[in-house]
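Colleague: So here's coords_1.cif, just mmCIF, C-alpha atoms:
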data_start
loop_
_atom_site.label_atom_id
_atom_site.label_comp_id
_atom_site.auth_asym_id
_atom_site.auth_seq_id
_atom_site.Cartn_x
_atom_site.Cartn_y
_atom_site.Cartn_z
CA MET Q 985 204.32 -32.67 48.34
CA ASN Q 986 201.54 -33.15 50.86
CA HIS Q 987 198.79 -30.48 50.74
CA GLU Q 988 196.18 -32.05 53.02
CA ARG Q 989 195.96 -29.16 55.50
CA SER Q 990 195.80 -26.54 52.74
CA ARG Q 991 192.98 -28.53 51.13
CA ALA Q 992 191.10 -28.63 54.44
CA LEU Q 993 191.59 -24.90 54.96
CA TYR Q 994 190.35 -24.25 51.44
CA ASP Q 995 187.20 -26.28 52.12
CA ARG Q 996 186.57 -24.15 55.21
CA ALA Q 997 187.29 -20.95 53.30
CA LEU Q 998 184.79 -21.86 50.57
CA SER Q 999 182.01 -21.91 53.16
CA VAL Q 1000 182.65 -18.35 54.35
CA MET Q 1001 184.45 -16.49 51.51
CA PRO Q 1002 183.54 -16.22 47.81
CA GLY Q 1003 185.80 -18.58 45.90
CA GLY Q 1004 187.63 -19.27 49.17
CA VAL Q 1005 189.89 -16.22 48.75
CA ASN Q 1006 189.94 -12.48 49.42
CA SER Q 1007 191.63 -11.57 46.15
CA SER Q 1008 190.81 -13.38 42.94
CA VAL Q 1009 194.46 -13.81 41.85
CA ARG Q 1010 195.06 -16.06 44.87
CA ALA Q 1011 192.74 -18.73 43.51
CA THR Q 1012 194.69 -21.56 41.90
CA MET Q 1013 193.90 -25.02 40.58
CA PRO Q 1014 192.99 -27.35 42.17
CA HIS Q 1015 193.24 -25.16 45.29
CA PRO Q 1016 195.71 -22.64 46.71
CA PHE Q 1017 198.27 -23.60 49.29
CA PHE Q 1018 197.83 -21.65 52.53
CA VAL Q 1019 200.92 -19.86 53.82
CA GLU Q 1020 201.82 -20.26 57.46
CA ARG Q 1021 204.84 -17.96 57.58
CA GLY Q 1022 207.59 -16.30 55.59
CA ASP Q 1023 211.33 -16.76 55.96
CA GLY Q 1024 213.60 -14.45 53.98
CA GLY Q 1025 213.00 -15.22 50.31
CA HIS Q 1026 210.84 -18.25 51.13
CA VAL Q 1027 207.37 -19.14 52.39
CA ILE Q 1028 206.30 -22.22 54.34
CA ASP Q 1029 202.76 -23.48 53.86
CA ALA Q 1030 200.33 -25.01 56.32
CA ASP Q 1031 201.63 -28.52 55.49
CA GLY Q 1032 205.24 -27.56 56.12
CA ASN Q 1033 206.26 -27.34 52.45
CA ARG Q 1034 208.93 -24.72 51.73
CA TYR Q 1035 208.98 -22.64 48.53
CA VAL Q 1036 211.30 -20.08 47.00
CA ASP Q 1037 208.93 -17.11 46.84
CA TRP Q 1038 209.11 -14.96 43.71
CA VAL Q 1039 205.58 -13.58 44.18
CA MET Q 1040 206.68 -11.30 47.01
CA GLY Q 1041 203.12 -10.34 47.89
CA TYR Q 1042 202.66 -9.28 44.22
CA GLY Q 1043 205.40 -6.68 44.57
CA PRO Q 1044 205.48 -4.87 47.93
CA LEU Q 1045 208.16 -7.00 49.58
CA LEU Q 1046 211.44 -5.41 48.45
CA TYR Q 1047 213.10 -7.08 51.48
CA GLY Q 1048 211.31 -10.38 51.37
CA HIS Q 1049 209.82 -11.67 54.60
CA ASP Q 1050 212.57 -10.46 56.94
CA LEU Q 1051 212.66 -6.68 57.34
CA PRO Q 1052 216.06 -5.08 57.94
CA ASP Q 1053 216.57 -4.22 61.61
CA PRO Q 1054 216.04 -0.43 61.20
CA VAL Q 1055 212.77 -1.01 59.33
CA GLU Q 1056 211.49 -3.52 61.87
CA ALA Q 1057 212.42 -1.18 64.71
CA ALA Q 1058 210.54 1.71 63.08
CA VAL Q 1059 207.44 -0.46 62.62
CA GLN Q 1060 207.50 -1.77 66.18
CA SER Q 1061 208.07 1.69 67.63
CA HIS Q 1062 205.06 3.21 65.91
CA ALA Q 1063 202.84 0.17 66.52
CA ALA Q 1064 203.64 0.35 70.24
CA GLU Q 1065 202.59 4.00 70.43
CA GLY Q 1066 199.02 3.35 69.34
CA PRO Q 1067 197.17 1.92 66.33
CA MET Q 1068 196.07 5.24 64.74
CA TYR Q 1069 194.78 8.66 65.74
CA GLY Q 1070 192.54 10.38 63.22
CA ALA Q 1071 195.02 13.25 63.28
CA PRO Q 1072 198.25 14.05 61.39
CA THR Q 1073 201.62 12.69 62.54
CA GLU Q 1074 205.19 13.77 61.90
CA ILE Q 1075 206.07 10.53 60.14
CA GLU Q 1076 203.59 11.37 57.35
CA VAL Q 1077 205.42 14.62 56.68
CA GLU Q 1078 208.83 12.94 56.74
CA HIS Q 1079 207.76 10.22 54.33
CA ALA Q 1080 206.22 12.76 51.94
CA GLU Q 1081 209.43 14.82 52.04
CA PHE Q 1082 211.53 11.74 51.21
CA VAL Q 1083 209.39 10.81 48.21
CA ALA Q 1084 209.33 14.38 46.91
CA ARG Q 1085 213.14 14.56 47.08
CA HIS Q 1086 213.62 11.44 44.95
CA VAL Q 1087 210.77 11.10 42.42
CA PRO Q 1088 211.01 13.57 39.50
CA SER Q 1089 207.26 14.23 39.17
CA VAL Q 1090 206.45 14.66 42.86
CA GLU Q 1091 206.21 18.06 44.50
CA SER Q 1092 203.18 17.21 46.63
CA ILE Q 1093 201.65 13.89 47.65
CA ARG Q 1094 198.46 12.50 49.19
CA PHE Q 1095 198.73 9.10 50.91
CA VAL Q 1096 195.79 6.68 50.69
CA ASN Q 1097 195.27 3.00 51.47
CA SER Q 1098 195.63 0.99 48.26
CA GLY Q 1099 196.73 1.19 44.67
CA THR Q 1100 193.10 1.06 43.59
CA GLU Q 1101 192.25 4.01 45.82
CA ALA Q 1102 195.21 5.91 44.39
CA THR Q 1103 194.11 5.44 40.77
CA VAL Q 1104 190.46 6.18 41.58
CA SER Q 1105 191.56 9.43 43.20
CA ALA Q 1106 193.93 10.29 40.35
CA VAL Q 1107 191.15 9.92 37.76
CA ARG Q 1108 188.83 12.10 39.84
CA LEU Q 1109 191.61 14.66 40.25
CA ALA Q 1110 192.30 14.76 36.50
CA ARG Q 1111 188.63 15.33 35.77
CA GLY Q 1112 188.36 18.01 38.43
CA HIS Q 1113 191.54 19.76 37.29
CA THR Q 1114 190.63 19.87 33.60
CA GLY Q 1115 186.85 20.05 33.76
CA ARG Q 1116 186.72 17.14 31.30
CA ASP Q 1117 185.35 13.61 31.60
CA LYS Q 1118 187.20 11.22 29.29
CA ILE Q 1119 190.19 9.11 30.34
CA VAL Q 1120 192.52 7.30 27.92
CA VAL Q 1121 193.75 3.91 29.16
CA MET Q 1122 195.77 1.09 27.63
CA GLN Q 1123 194.13 -2.14 26.52
CA GLY Q 1124 195.56 -4.74 28.88
CA GLY Q 1125 196.69 -2.14 31.40
CA TYR Q 1126 195.51 -2.55 34.97
CA HIS Q 1127 194.69 0.25 37.39
CA GLY Q 1128 192.92 -1.53 40.20
CA ALA Q 1129 189.32 -2.52 40.76
CA GLN Q 1130 187.67 0.73 39.69
CA GLU Q 1131 184.78 1.54 37.36
CA SER Q 1132 186.65 3.99 35.13
CA THR Q 1133 189.31 1.50 34.03
CA LEU Q 1134 187.64 -1.92 34.17
CA VAL Q 1135 186.79 -1.33 30.53
CA GLU Q 1136 187.60 -3.21 27.34
CA GLY Q 1137 187.17 -2.55 23.65
CA SER Q 1138 188.14 0.47 21.56
CA PRO Q 1139 187.47 4.22 21.77
CA GLY Q 1140 184.29 3.91 19.73
CA ASP Q 1141 183.12 0.65 21.26
CA ALA Q 1142 184.10 0.45 24.93
CA HIS Q 1143 182.29 -1.76 27.43
CA PRO Q 1144 182.75 -2.73 31.09
CA SER Q 1145 185.04 -5.74 31.48
CA THR Q 1146 183.12 -7.06 34.48
CA ALA Q 1147 179.57 -7.40 35.68
CA GLY Q 1148 178.36 -4.70 38.04
CA ILE Q 1149 179.44 -1.63 36.06
CA PRO Q 1150 176.82 0.34 34.11
CA GLU Q 1151 177.48 0.59 30.38
CA GLU Q 1152 177.30 4.38 30.69
CA PHE Q 1153 180.51 4.44 32.73
CA ALA Q 1154 182.49 3.03 29.81
CA GLN Q 1155 181.45 5.93 27.59
CA HIS Q 1156 183.99 8.12 29.34
CA THR Q 1157 186.90 5.67 28.93
CA LEU Q 1158 188.93 5.43 25.73
CA PRO Q 1159 190.99 2.18 25.55
CA ILE Q 1160 193.87 2.12 23.04
CA PRO Q 1161 196.70 -0.41 22.47
CA PHE Q 1162 199.89 0.14 24.45
CA ASN Q 1163 202.87 1.07 22.26
CA ASP Q 1164 200.66 2.21 19.37
CA THR Q 1165 201.60 5.83 18.73
CA GLU Q 1166 199.19 6.16 15.80
CA ALA Q 1167 196.26 5.03 17.94
CA ALA Q 1168 197.23 7.61 20.56
CA LYS Q 1169 197.37 10.38 17.98
CA GLU Q 1170 194.03 9.32 16.52
CA VAL Q 1171 192.21 9.30 19.84
CA PHE Q 1172 193.50 12.79 20.62
CA ALA Q 1173 192.61 14.00 17.14
CA GLU Q 1174 189.01 12.90 17.70
CA HIS Q 1175 188.56 13.56 21.43
CA GLY Q 1176 191.42 15.87 22.45
CA ASP Q 1177 189.22 18.61 23.91
CA GLU Q 1178 187.33 16.04 26.01
CA ILE Q 1179 190.31 14.10 27.43
CA ALA Q 1180 191.08 14.80 31.09
CA GLY Q 1181 194.11 12.55 31.14
CA VAL Q 1182 195.99 9.50 29.95
CA LEU Q 1183 196.39 6.81 32.60
CA VAL Q 1184 199.22 4.43 31.71
CA GLU Q 1185 201.64 2.08 33.39
CA PRO Q 1186 205.13 3.15 32.24
CA ILE Q 1187 205.74 -0.57 31.77
CA LEU Q 1188 202.76 -2.89 31.39
CA ALA Q 1189 203.30 -4.93 34.54
CA ASN Q 1190 200.01 -6.71 35.09
CA THR Q 1191 199.76 -8.23 31.61
CA GLY Q 1192 203.03 -10.05 31.39
CA ILE Q 1193 205.73 -7.38 31.36
CA VAL Q 1194 205.70 -5.23 28.23
CA MET Q 1195 208.36 -2.56 27.82
CA PRO Q 1196 207.54 0.63 25.91
CA VAL Q 1197 208.88 1.04 22.40
CA ASP Q 1198 211.22 3.98 21.87
CA GLY Q 1199 209.37 7.28 21.82
CA TYR Q 1200 205.98 5.98 23.00
CA HIS Q 1201 205.81 7.83 26.31
CA GLU Q 1202 207.37 10.89 24.72
CA THR Q 1203 204.47 10.88 22.26
CA LEU Q 1204 201.94 10.65 25.09
CA ARG Q 1205 203.70 13.53 26.85
CA GLU Q 1206 203.53 15.70 23.73
CA LEU Q 1207 199.87 14.87 23.09
CA CYS Q 1208 198.87 15.70 26.67
CA ASP Q 1209 200.81 18.97 26.56
CA GLY Q 1210 199.25 19.92 23.25
CA HIS Q 1211 195.68 19.30 24.40
CA GLY Q 1212 195.79 20.40 28.04
CA SER Q 1213 195.40 16.85 29.38
CA LEU Q 1214 197.24 15.25 32.29
CA LEU Q 1215 199.74 12.43 31.81
CA ILE Q 1216 199.29 10.03 34.72
CA PHE Q 1217 201.84 7.28 35.32
CA ASP Q 1218 200.54 4.34 37.33
CA GLU Q 1219 203.66 3.27 39.23
CA VAL Q 1220 201.87 1.12 41.78
CA ILE Q 1221 203.99 -1.83 40.63
CA THR Q 1222 207.07 -0.14 39.14
CA GLY Q 1223 207.41 2.56 41.79
CA PHE Q 1224 210.63 2.12 43.81
CA ARG Q 1225 211.27 -1.16 42.02
CA VAL Q 1226 212.17 -0.04 38.49
CA GLY Q 1227 214.65 2.83 38.36
CA GLY Q 1228 215.45 2.67 42.08
CA LEU Q 1229 214.34 5.62 44.19
CA GLY Q 1230 213.53 7.66 41.09
CA CYS Q 1231 211.02 5.03 39.90
CA ALA Q 1232 210.39 4.02 36.28
CA GLN Q 1233 209.87 7.62 35.16
CA SER Q 1234 213.49 8.42 35.97
CA LYS Q 1235 214.68 5.35 34.06
CA LEU Q 1236 212.56 6.22 31.03
CA GLY Q 1237 213.29 9.94 31.15
CA VAL Q 1238 209.66 11.06 30.91
CA THR Q 1239 208.06 13.07 33.71
CA PRO Q 1240 204.29 12.72 34.15
CA ASP Q 1241 201.98 15.31 35.69
CA VAL Q 1242 200.65 12.84 38.26
CA THR Q 1243 201.98 9.51 39.57
CA THR Q 1244 200.12 6.85 41.51
CA PHE Q 1245 201.97 4.63 43.97
CA GLY Q 1246 201.33 1.57 46.13
CA LYS Q 1247 203.12 -1.58 47.27
CA ILE Q 1248 206.76 -0.68 48.10
CA ILE Q 1249 205.97 2.88 49.18
CA GLY Q 1250 204.24 1.34 52.22
CA GLY Q 1251 206.96 -1.13 53.16
CA GLY Q 1252 204.65 -4.15 52.92
CA PHE Q 1253 201.66 -2.58 54.65
CA PRO Q 1254 198.42 -1.39 52.98
CA VAL Q 1255 199.12 1.84 51.10
CA GLY Q 1256 198.55 3.99 48.05
CA ALA Q 1257 199.55 7.51 47.09
CA ILE Q 1258 198.98 10.18 44.46
CA GLY Q 1259 201.88 12.53 43.78
CA GLY Q 1260 202.64 15.22 41.24
CA LYS Q 1261 202.90 18.90 40.57
CA ALA Q 1262 201.80 20.92 43.61
CA GLU Q 1263 199.33 23.00 41.60
CA ILE Q 1264 197.57 19.78 40.54
CA ILE Q 1265 197.73 17.72 43.76
CA GLU Q 1266 196.46 20.68 45.78
CA GLY Q 1267 193.21 20.28 43.91
CA PHE Q 1268 192.35 17.70 46.59
CA THR Q 1269 190.25 18.91 49.51
CA PRO Q 1270 190.76 20.80 51.76
CA ALA Q 1271 193.18 22.81 49.58
CA GLY Q 1272 190.99 22.40 46.49
CA ASP Q 1273 187.52 21.20 45.57
CA VAL Q 1274 188.17 17.57 44.49
CA PHE Q 1275 186.97 15.50 47.44
CA GLN Q 1276 189.34 12.87 48.79
CA SER Q 1277 189.50 11.45 52.32
CA GLY Q 1278 190.16 8.21 54.20
CA THR Q 1279 190.12 7.01 57.80
CA PHE Q 1280 193.36 5.04 57.56
CA SER Q 1281 195.21 7.30 55.09
CA GLY Q 1282 198.76 8.08 56.20
CA HIS Q 1283 198.60 5.34 58.84
CA PRO Q 1284 201.63 5.85 61.11
CA VAL Q 1285 202.82 2.23 60.98
CA THR Q 1286 202.61 2.19 57.18
CA MET Q 1287 204.37 5.54 56.93
CA ALA Q 1288 207.15 4.35 59.25
CA ALA Q 1289 207.62 1.12 57.28
CA GLY Q 1290 207.65 2.90 53.93
CA LYS Q 1291 210.03 5.66 54.96
CA ALA Q 1292 212.46 3.37 56.80
CA GLY Q 1293 212.39 0.89 53.92
CA LEU Q 1294 213.26 3.50 51.31
CA GLU Q 1295 215.93 5.05 53.53
CA TYR Q 1296 217.55 1.65 53.96
CA ALA Q 1297 217.56 1.19 50.18
CA ALA Q 1298 219.18 4.61 49.76
CA GLU Q 1299 221.99 3.74 52.16
CA ASN Q 1300 222.70 0.13 51.14
CA ASP Q 1301 223.18 -2.02 48.02
CA VAL Q 1302 219.54 -3.06 47.85
CA TYR Q 1303 218.88 -2.16 44.21
CA GLU Q 1304 222.22 -3.50 43.02
CA HIS Q 1305 221.41 -6.83 44.69
CA VAL Q 1306 217.81 -7.26 43.50
CA ASN Q 1307 218.57 -6.06 39.97
CA ARG Q 1308 221.57 -8.40 39.66
CA LEU Q 1309 219.46 -11.40 40.69
CA GLY Q 1310 216.67 -10.30 38.34
CA ARG Q 1311 219.07 -10.15 35.41
CA LYS Q 1312 220.60 -13.51 36.30
CA LEU Q 1313 217.16 -15.11 36.36
CA ARG Q 1314 216.15 -13.59 33.03
CA GLU Q 1315 219.40 -14.61 31.35
CA GLY Q 1316 219.22 -18.13 32.77
CA ILE Q 1317 215.61 -18.60 31.75
CA ALA Q 1318 216.40 -17.25 28.27
CA ASP Q 1319 219.14 -19.87 27.88
CA ILE Q 1320 216.73 -22.63 28.91
CA CYS Q 1321 214.04 -21.38 26.52
CA ALA Q 1322 216.51 -21.13 23.64
CA GLU Q 1323 217.20 -24.83 24.07
CA ARG Q 1324 213.74 -26.15 24.91
CA ALA Q 1325 211.10 -23.58 23.91
CA PRO Q 1326 212.60 -20.96 21.57
CA GLU Q 1327 209.16 -19.50 20.89
CA TYR Q 1328 208.87 -18.25 24.50
CA THR Q 1329 209.78 -14.65 25.35
CA VAL Q 1330 211.64 -13.70 28.54
CA VAL Q 1331 210.61 -10.27 29.76
CA GLY Q 1332 211.34 -7.91 32.61
CA THR Q 1333 213.72 -5.29 33.88
CA ASP Q 1334 215.48 -4.45 37.14
CA SER Q 1335 213.97 -6.80 39.78
CA MET Q 1336 210.98 -7.95 37.68
CA PHE Q 1337 210.83 -11.06 35.52
CA LYS Q 1338 208.41 -13.29 33.65
CA THR Q 1339 208.31 -15.80 30.81
CA ILE Q 1340 205.54 -15.27 28.26
CA PHE Q 1341 204.54 -18.42 26.43
CA THR Q 1342 204.46 -16.77 23.01
CA ARG Q 1343 203.76 -19.06 20.07
CA ASP Q 1344 206.07 -17.83 17.29
CA ALA Q 1345 209.80 -18.50 17.32
CA PRO Q 1346 212.29 -16.38 15.36
CA ASP Q 1347 214.53 -18.00 12.76
CA ASP Q 1348 217.46 -17.63 15.16
CA PRO Q 1349 216.54 -19.44 18.42
CA ASP Q 1350 219.34 -17.68 20.27
CA ALA Q 1351 218.05 -14.22 19.37
CA CYS Q 1352 216.86 -12.20 22.35
CA CYS Q 1353 217.59 -8.93 24.11
CA PRO Q 1354 220.15 -9.50 26.89
CA GLY Q 1355 218.42 -9.74 30.25
CA GLY Q 1356 214.85 -9.52 28.91
CA CYS Q 1357 212.93 -8.01 25.99
CA ARG Q 1358 213.85 -4.36 25.37
CA GLN Q 1359 211.72 -3.76 22.25
CA ASP Q 1360 214.93 -3.39 20.24
CA PRO Q 1361 214.06 -2.99 16.53
CA ASP Q 1362 217.40 -4.59 15.62
CA CYS Q 1363 216.63 -7.77 17.58
CA ALA Q 1364 215.59 -10.79 15.49
CA ARG Q 1365 212.69 -11.35 17.90
CA TYR Q 1366 211.32 -7.83 17.57
CA ASP Q 1367 208.32 -8.69 15.41
CA SER Q 1368 207.26 -11.61 17.61
CA CYS Q 1369 207.83 -10.01 21.05
CA PRO Q 1370 204.65 -8.84 22.81
CA LYS Q 1371 204.01 -5.11 22.42
CA THR Q 1372 200.44 -4.89 23.64
CA GLY Q 1373 198.23 -6.55 26.21
CA ALA Q 1374 196.52 -8.45 23.39
CA ASP Q 1375 199.86 -9.94 22.35
CA VAL Q 1376 200.31 -11.38 25.84
CA ALA Q 1377 196.72 -12.64 25.93
CA ASN Q 1378 197.34 -14.49 22.64
CA ALA Q 1379 200.13 -16.53 24.25
CA ALA Q 1380 199.61 -20.06 25.61
CA THR Q 1381 198.13 -18.70 28.83
CA ASP Q 1382 196.39 -21.94 29.86
CA ARG Q 1383 199.66 -23.85 29.79
CA TRP Q 1384 201.13 -21.54 32.43
CA GLU Q 1385 198.32 -22.11 34.92
CA ARG Q 1386 197.41 -25.72 34.21
CA VAL Q 1387 200.84 -27.23 33.63
CA PHE Q 1388 203.85 -25.00 34.24
CA TRP Q 1389 202.79 -23.35 37.52
CA GLN Q 1390 201.82 -26.72 38.95
CA ALA Q 1391 205.18 -28.26 37.98
CA MET Q 1392 207.11 -25.37 39.53
CA LYS Q 1393 205.07 -25.53 42.72
CA GLU Q 1394 205.77 -29.23 43.14
CA GLN Q 1395 209.49 -28.43 42.88
CA GLY Q 1396 209.20 -25.85 45.65
CA VAL Q 1397 209.12 -22.66 43.53
CA PHE Q 1398 206.27 -20.22 44.09
CA LEU Q 1399 205.43 -18.15 41.00
CA THR Q 1400 202.43 -15.96 40.22
CA ALA Q 1401 199.64 -18.30 39.28
CA ASN Q 1402 198.72 -16.94 35.86
CA GLN Q 1403 200.48 -15.84 32.70
CA PHE Q 1404 199.78 -12.17 33.36
CA GLU Q 1405 201.06 -11.21 36.83
CA CYS Q 1406 204.79 -10.50 37.04
CA GLN Q 1407 207.34 -11.83 39.55
CA PHE Q 1408 209.93 -10.09 41.71
CA THR Q 1409 213.30 -10.57 43.33
CA SER Q 1410 213.98 -9.31 46.86
CA TYR Q 1411 216.93 -8.36 49.02
CA ALA Q 1412 216.45 -11.63 50.92
CA HIS Q 1413 216.92 -13.83 47.85
CA THR Q 1414 220.26 -15.50 47.17
CA GLU Q 1415 222.26 -16.91 44.28
CA GLU Q 1416 221.27 -20.35 45.55
CA ASP Q 1417 217.59 -19.42 45.20
CA VAL Q 1418 218.24 -18.40 41.60
CA GLU Q 1419 220.06 -21.65 40.76
CA ARG Q 1420 217.34 -23.74 42.38
CA THR Q 1421 214.71 -21.89 40.36
CA LEU Q 1422 216.58 -22.28 37.08
CA GLU Q 1423 216.90 -26.02 37.70
CA ALA Q 1424 213.15 -26.17 38.28
CA TYR Q 1425 212.62 -24.31 34.99
CA ARG Q 1426 214.76 -26.91 33.20
CA GLN Q 1427 212.53 -29.65 34.54
CA ALA Q 1428 209.22 -27.85 33.92
CA ILE Q 1429 209.75 -26.46 30.39
#
Would you give me this structure, written as structure tokens?

Modeller:
Amino acid sequence: MNHERSRALYDRALSVMPGGVNSSVRATMPHPFFVERGDGGHVIDADGNRYVDWVMGYGPLLYGHDLPDPVEAAVQSHAAEGPMYGAPTEIEVEHAEFVARHVPSVESIRFVNSGTEATVSAVRLARGHTGRDKIVVMQGGYHGAQESTLVEGSPGDAHPSTAGIPEEFAQHTLPIPFNDTEAAKEVFAEHGDEIAGVLVEPILANTGIVMPVDGYHETLRELCDGHGSLLIFDEVITGFRVGGLGCAQSKLGVTPDVTTFGKIIGGGFPVGAIGGKAEIIEGFTPAGDVFQSGTFSGHPVTMAAGKAGLEYAAENDVYEHVNRLGRKLREGIADICAERAPEYTVVGTDSMFKTIFTRDAPDDPDACCPGGCRQDPDCARYDSCPKTGADVANAATDRWERVFWQAMKEQGVFLTANQFECQFTSYAHTEEDVERTLEAYRQAI
């Protein structure tokens, strides 16, 4: 493939943008390719190279790069009526009503502009609601670029995970391993009266894809109930992708007090949201005394895209299609790994998939959960499958970025550029896209 124009654009970008990108995950070696346009389940770069796109904007693009006609019409209609108003619109109310009808935890909702803004606001809300300061998070979980959760370490030894955050901020954050019920019980035993809430992805989706072990979220629910803390599900990634319109919480059967959203809820436009029990969400100003505000919150074009997109999914076979392709990819990749790299673990659910380059193979190379790791104790891979963020980090992460991603790109398959970010199917993808991708896997692994 020729990448001369992308290289030239990258050189220009380096002179005016830090690292040449506006989001660090877009930086790739030796340089990113620059996208010119999207086409269904594909993107075409500035040099005319065409790729099957499984990144899907890191999750928001349930329909790929071609919106269904009703969604496109809704977007165009609201864009034509004016950019924004600084006043409420009917479409905000309609979208809120739709979400509240379908998501188990949501009685009331506040729309914001990004997943980061949603989780920042949810943490503030939990502290304001409980009058407490400490937040429990999962090691390896990701909740956006915010001071309260960019923390690493353990409950007694937590530190900021990036420069620019005062050490004092980390004192109020208690990181524990995902899927470790004993660690959860211990942190509540020691700090229960100080914990405002537990902020957790129902499925770790930014550190590989790690499914919860049986009973884990039920334990968190019981601990929060017993200590007067809020259980907050971060469904920025899983929301309206896992579990259909009911989100991951409906699939897992655990209802949080508060849920954060982003990505799909905005139909591909900038968005975030915080939903939950009315008595909690109404703690936000002006109904309550927890300040929250934003110039572009509830933007009419975003609201129209999100509502029309979810309505289309409700009325068509969208989830059946994307989940079927997701399962076919996971099963096909698992077959390839069993033959060529039995130590690797295929993970994912519904329309999400990833291959984690784990280092330990089970005695039976064919052993795996059908369609992706399910944390099944009866599976021969159970002891070697990743259960925490640290397990994923201990995989051969450099090989993904330095070797595998490059090989897939040169075969015209666009995957997330590191071992940690997950990948997604869309309504625009086809069986042919799946077969082409599996053939590329055979060549690259």

Colleague: Which protein, DNA or RNA residues have an atom at most 6 Å from (199.5, 8.9, 51.1), counting all atoms listed in the file? List them as an mmCIF file with C-alpha atoms, in the coordinates of the input.

Modeller:
data_model
loop_
_atom_site.group_PDB
_atom_site.id
_atom_site.type_symbol
_atom_site.label_atom_id
_atom_site.label_comp_id
_atom_site.auth_asym_id
_atom_site.auth_seq_id
_atom_site.Cartn_x
_atom_site.Cartn_y
_atom_site.Cartn_z
ATOM 1 C CA ARG Q 1094 198.460 12.500 49.190
ATOM 2 C CA PHE Q 1095 198.730 9.100 50.910
ATOM 3 C CA VAL Q 1096 195.790 6.680 50.690
ATOM 4 C CA GLY Q 1256 198.550 3.990 48.050
ATOM 5 C CA ALA Q 1257 199.550 7.510 47.090
ATOM 6 C CA GLY Q 1282 198.760 8.080 56.200
#

Colleague: Once the PyMOL selection byres ((chain Q and resi 1036) around 8) has been evaluated on this model, what residues remain selected, and can you format them as a ChimeraX atom specification?

Modeller: /Q:1025-1027,1034-1035,1037-1038,1396-1398,1417,1421

Colleague: How would you write, as a ChimeraX atom specification, the residues chosen by the PyMOL selection byres ((chain Q and resi 1349-1360) around 8) on this structure?

Modeller: /Q:1195-1198,1311-1312,1314-1315,1318-1319,1322-1323,1326-1327,1329-1333,1337,1345-1348,1361-1366,1369,1371

Colleague: Compile the contact shell of Q:Trp1389 as a PyMOL selection string: residues with an atom at most 8 Å away, counting all atoms listed in the file, same-chain residues fewer than 6 positions apart removed.

Modeller: chain Q and resi 1399-1402

Colleague: By how many Å are atom CA of Q:Gly1310 and atom CA of Q:Asn1006 apart?

Modeller: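 Distance reported for this atom pair: 29.0 Å.
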
Colleague: In Å, how far is it from atom CA of Q:Thr1372 to atom CA of Q:Ala1428?

Modeller: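 For atom CA of Q:Thr1372 relative to atom CA of Q:Ala1428, the distance reads 26.6 Å.
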
Colleague: At what distance in Å, to one decimal, does atom CA of Q:Met1392 lie from atom CA of Q:Asp1029?

Modeller: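 Separating atom CA of Q:Asp1029 from atom CA of Q:Met1392 is a distance of 15.1 Å.
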
Colleague: Starting from the shown file, work through the PyMOL selection byres ((chain Q and resi 1221) around 9) and note down what comes out as a list in words.

Modeller: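 That expression, the PyMOL selection byres ((chain Q and resi 1221) around 9), corresponds here to Tyr1042, Gly1043, Pro1044, Gly1099, Glu1185, Ala1189, Asn1190, Asp1218, Glu1219, Val1220, Thr1222, Gly1223, Phe1224, Arg1225, Val1226, Phe1245, Gly1246, Lys1247 and Ile1248 of chain Q.
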
Colleague: Counting only C-alpha atoms, which residue out of Q:Phe1280, Q:Thr1342, Q:Tyr1296, Q:Glu1423 sits closest to Q:Pro1072?

Modeller: Q:Phe1280

Colleague: Please check which residues have atoms at most 9 Å from (193.7, -12.9, 41.0) in the file's coordinates, counting all atoms listed in the file, and write them as an NGL selection string.

Modeller: :Q and (1007-1012 or 1401-1402 or 1405)

Colleague: Regenerate stretch 1021-1026 of chain Q at the level of N, CA, C and O atoms and dump it as an mmCIF file, keeping the file's coordinate frame.

Modeller:
data_model
loop_
_atom_site.group_PDB
_atom_site.id
_atom_site.type_symbol
_atom_site.label_atom_id
_atom_site.label_comp_id
_atom_site.auth_asym_id
_atom_site.auth_seq_id
_atom_site.Cartn_x
_atom_site.Cartn_y
_atom_site.Cartn_z
ATOM 1 N N ARG Q 1021 203.894 -19.014 57.205
ATOM 2 C CA ARG Q 1021 204.840 -17.960 57.580
ATOM 3 C C ARG Q 1021 205.840 -17.739 56.448
ATOM 4 O O ARG Q 1021 205.976 -18.565 55.537
ATOM 5 N N GLY Q 1022 206.528 -16.603 56.527
ATOM 6 C CA GLY Q 1022 207.590 -16.300 55.590
ATOM 7 C C GLY Q 1022 208.936 -16.409 56.249
ATOM 8 O O GLY Q 1022 209.063 -16.275 57.475
ATOM 9 N N ASP Q 1023 209.965 -16.645 55.449
ATOM 10 C CA ASP Q 1023 211.330 -16.760 55.960
ATOM 11 C C ASP Q 1023 212.278 -16.262 54.876
ATOM 12 O O ASP Q 1023 212.625 -17.004 53.949
ATOM 13 N N GLY Q 1024 212.698 -15.003 54.971
ATOM 14 C CA GLY Q 1024 213.600 -14.450 53.980
ATOM 15 C C GLY Q 1024 212.957 -14.418 52.605
ATOM 16 O O GLY Q 1024 211.927 -13.782 52.390
ATOM 17 N N GLY Q 1025 213.552 -15.139 51.654
ATOM 18 C CA GLY Q 1025 213.000 -15.220 50.310
ATOM 19 C C GLY Q 1025 212.124 -16.434 50.109
ATOM 20 O O GLY Q 1025 211.882 -16.842 48.970
ATOM 21 N N HIS Q 1026 211.615 -17.018 51.197
ATOM 22 C CA HIS Q 1026 210.840 -18.250 51.130
ATOM 23 C C HIS Q 1026 209.533 -18.109 51.906
ATOM 24 O O HIS Q 1026 209.401 -17.235 52.762
#
